[in-house]
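> Mind having a look at this structure? Questions to follow.
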Amino acid sequence: SLRNILKREGNFREGYPANALFAIPFAELSPTGIPVFYENKEKKEQAYMFDLMRAVTDENIVYAGNTHPTTYGSLNNSFNLKGITLEVLLTYAWGHKTRSYPWYQSGYNDVRNQPKALHNRWKKPGDEKYTSIPAVPEIYDMYHHAERYLAYNYADIHVKNNSYIRLKEVAVGYSLPKKWLSALKLQQLELKVNATNLALLYTKNRENGPEPDYNFSGGVALPSPRQFTVTLKAGI
């Protein structure tokens with residue numbers, strides 16, 4: 001069925017790479033703010049029920065990319081000048097896609113938060129010309145248009161480029177000169193400050209998308225916090 005093939009983590013389908021991401025082609029919003037989709041390459045506004053259990057065909061889904069990066073790795077460099085050392089570690093991943101966590105839920109709580117993008121939703125007639133975010137439905141409308149809102153969560157407009165470059169680690173150290181060490185009767189004295197998870201330097205998915213490294217961690221997952229450590233090493 002459509003629902004089985006539309007998993008956020010990707011799926012397997014003959015003729016496509018492993019972990020392929022599929023989506024439902026979104027067309028526009030109706031004059032009442034309800035999502036409209038392309039079905040068999042035609043806009044289907046009149047039928048409010050969108051059957052997610054139908055058979056999968058090339059007419060009702062589109063291939064949106066791969067959820068696994070095609071290129072990934074790290075760059076590490078170090079510098080040393082007159083006892084001062086600097087080490088920098090960058091990590092990167094490239095060439096993969098993701099779909100945003102479902103925006104429309106039957107209810108919201110501490111695990112399923114309402115995304116800030118809903119501030120730009122359809123609110124009055126005419127808004128469909130300026131936004132692709134549906135109206136928040138009343139209970140009656142949600143009952144009648146439930147499948148359409150579920151389909152909207154799987155729409156191709158929610159597929160984002162998940163490539164990123166992260167400043168993973170920076171370390172700065174200073175070793176005391178030998179002439180000072182002899183006065184202190186020490187063989188070594190080094191001070192080092194280390195910082196990790198400093199910044200996400202680049203991502204096209206910063207505004208409304210999930211944190212790249214934590215894409216499938218769940219609704220309560222938090223990115224790793226910045227950490228700072230100070231080390232003093234002395235040798236007698």
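Identifiers in this document derive from the order of the structure tokens: chains are assigned A, B, ..., residues are numbered from 1 separately in each chain, and ligands are numbered from 1 in order of occurrence.
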Excluding range 111-128 of chain A and its own-chain neighbours fewer than 6 positions away, which residues fall within 8 Å of it when counting only C-alpha atoms? Please give them as a list in words.

Glu28, Leu29, Ser30, Pro31, Thr32, Gly33, Trp103, Tyr104, Gln105, Pro134, Ala135, Val136, Asn208, Gly219 and Val220 of chain A

> For each of A:Arg226, A:Ser132, A:Tyr202, A:Ala146, take the minimum atom-to-atom distance to Tyr92 in chain A, counting only C-alpha atoms, then give the residue where this is smallest.

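Nearest candidate to Tyr92 in chain A out of A:Arg226, A:Ser132, A:Tyr202, A:Ala146: A:Tyr202.
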
> Please provide as number ranges by chain all residues within 7 Å of range 174-190 of chain A, with the sequence filter that same-chain residues fewer than 6 positions apart are discarded (counting only C-alpha atoms).

A: 83-85, 232-236

> Using N, CA, C and O atoms, can you export the residues from the last selection as a tab-separated table (two decimals), in the first residue's frame?


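As a result, result-v7.tsv now contains:
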```
chain	number	residue	atom	x	y	z
A	83	GLY	N	54.48	26.44	20.74
A	83	GLY	CA	53.85	25.82	21.90
A	83	GLY	C	52.34	25.89	21.91
A	83	GLY	O	51.69	25.29	22.77
A	84	ILE	N	51.75	26.62	20.97
A	84	ILE	CA	50.30	26.71	20.87
A	84	ILE	C	49.81	25.75	19.79
A	84	ILE	O	50.31	25.75	18.67
A	85	THR	N	48.85	24.91	20.12
A	85	THR	CA	48.30	23.95	19.16
A	85	THR	C	46.82	24.25	18.93
A	85	THR	O	46.10	24.67	19.84
A	232	LEU	N	44.45	19.85	32.27
A	232	LEU	CA	45.80	20.30	32.69
A	232	LEU	C	46.66	19.07	32.86
A	232	LEU	O	46.34	18.20	33.68
A	233	LYS	N	47.72	18.96	32.08
A	233	LYS	CA	48.60	17.80	32.12
A	233	LYS	C	49.99	18.24	32.58
A	233	LYS	O	50.60	19.13	32.02
A	234	ALA	N	50.46	17.59	33.64
A	234	ALA	CA	51.77	17.91	34.20
A	234	ALA	C	52.60	16.65	34.31
A	234	ALA	O	52.11	15.58	34.69
A	235	GLY	N	53.89	16.77	33.96
A	235	GLY	CA	54.80	15.63	34.06
A	235	GLY	C	56.03	15.99	34.88
A	235	GLY	O	56.65	17.05	34.66
A	236	ILE	N	56.35	15.14	35.83
A	236	ILE	CA	57.48	15.42	36.74
A	236	ILE	C	58.73	14.71	36.22
A	236	ILE	O	58.69	13.54	35.86
```

> Identify, on the basis of only C-alpha atoms, every residue whose closest approach to range 160-163 of chain A does not exceed 7 Å; exclude the query and any residue fewer than 4 positions from it along the same chain; express the result as a count of residues only.

11

> Please identify every residue of range 64-91 of chain A that has at least one atom no farther than 10 Å from an atom of range 192-197 of chain A, counting only C-alpha atoms, and for each give the shortest atom pair and the distance in Å to one decimal, arranged by chain then increasing number, as CSV.


```
residue,atom,partner,partner_atom,distance
A:Ile84,CA,A:Lys192,CA,9.6
A:Thr85,CA,A:Lys192,CA,8.8
A:Leu86,CA,A:Lys192,CA,9.6
A:Glu87,CA,A:Asn194,CA,9.1
A:Val88,CA,A:Ala195,CA,9.8
A:Leu89,CA,A:Thr196,CA,9.2
A:Leu90,CA,A:Asn197,CA,10.0
```

> Output N, CA, C and O atoms for every residue in that selection, as a PDB file, in the first residue's frame.


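That gives us part.pdb:
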```
ATOM      1  N   ILE A  84      51.753  26.616  20.969  1.00  0.00           N
ATOM      2  CA  ILE A  84      50.298  26.708  20.870  1.00  0.00           C
ATOM      3  C   ILE A  84      49.813  25.746  19.791  1.00  0.00           C
ATOM      4  O   ILE A  84      50.312  25.754  18.670  1.00  0.00           O
ATOM      5  N   THR A  85      48.850  24.905  20.125  1.00  0.00           N
ATOM      6  CA  THR A  85      48.301  23.953  19.164  1.00  0.00           C
ATOM      7  C   THR A  85      46.819  24.245  18.934  1.00  0.00           C
ATOM      8  O   THR A  85      46.099  24.667  19.843  1.00  0.00           O
ATOM      9  N   LEU A  86      46.392  24.018  17.718  1.00  0.00           N
ATOM     10  CA  LEU A  86      44.987  24.172  17.343  1.00  0.00           C
ATOM     11  C   LEU A  86      44.582  22.969  16.501  1.00  0.00           C
ATOM     12  O   LEU A  86      45.225  22.662  15.500  1.00  0.00           O
ATOM     13  N   GLU A  87      43.521  22.301  16.925  1.00  0.00           N
ATOM     14  CA  GLU A  87      42.994  21.145  16.194  1.00  0.00           C
ATOM     15  C   GLU A  87      41.528  21.409  15.847  1.00  0.00           C
ATOM     16  O   GLU A  87      40.755  21.850  16.709  1.00  0.00           O
ATOM     17  N   VAL A  88      41.168  21.145  14.598  1.00  0.00           N
ATOM     18  CA  VAL A  88      39.804  21.388  14.121  1.00  0.00           C
ATOM     19  C   VAL A  88      39.296  20.136  13.416  1.00  0.00           C
ATOM     20  O   VAL A  88      39.990  19.562  12.569  1.00  0.00           O
ATOM     21  N   LEU A  89      38.080  19.717  13.773  1.00  0.00           N
ATOM     22  CA  LEU A  89      37.453  18.549  13.147  1.00  0.00           C
ATOM     23  C   LEU A  89      36.112  18.961  12.546  1.00  0.00           C
ATOM     24  O   LEU A  89      35.232  19.473  13.245  1.00  0.00           O
ATOM     25  N   LEU A  90      35.966  18.750  11.244  1.00  0.00           N
ATOM     26  CA  LEU A  90      34.709  18.978  10.543  1.00  0.00           C
ATOM     27  C   LEU A  90      34.138  17.636  10.108  1.00  0.00           C
ATOM     28  O   LEU A  90      34.881  16.753   9.656  1.00  0.00           O
TER      29      LEU A  90
END
```

> I'd like the contact shell of Arg8 in chain A - 9 Å cut-off, only C-alpha atoms, skipping same-chain residues fewer than 4 positions apart - returned as a VMD selection string.

chain A and resid 21 to 22 67 98 to 101 154 216

> Give me, please, the distance in Å between CA of Leu201 in chain A and CA of Ser74 in chain A, quoted to one decimal.

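Value for the CA of Leu201 in chain A-CA of Ser74 in chain A distance: 13.6 Å.
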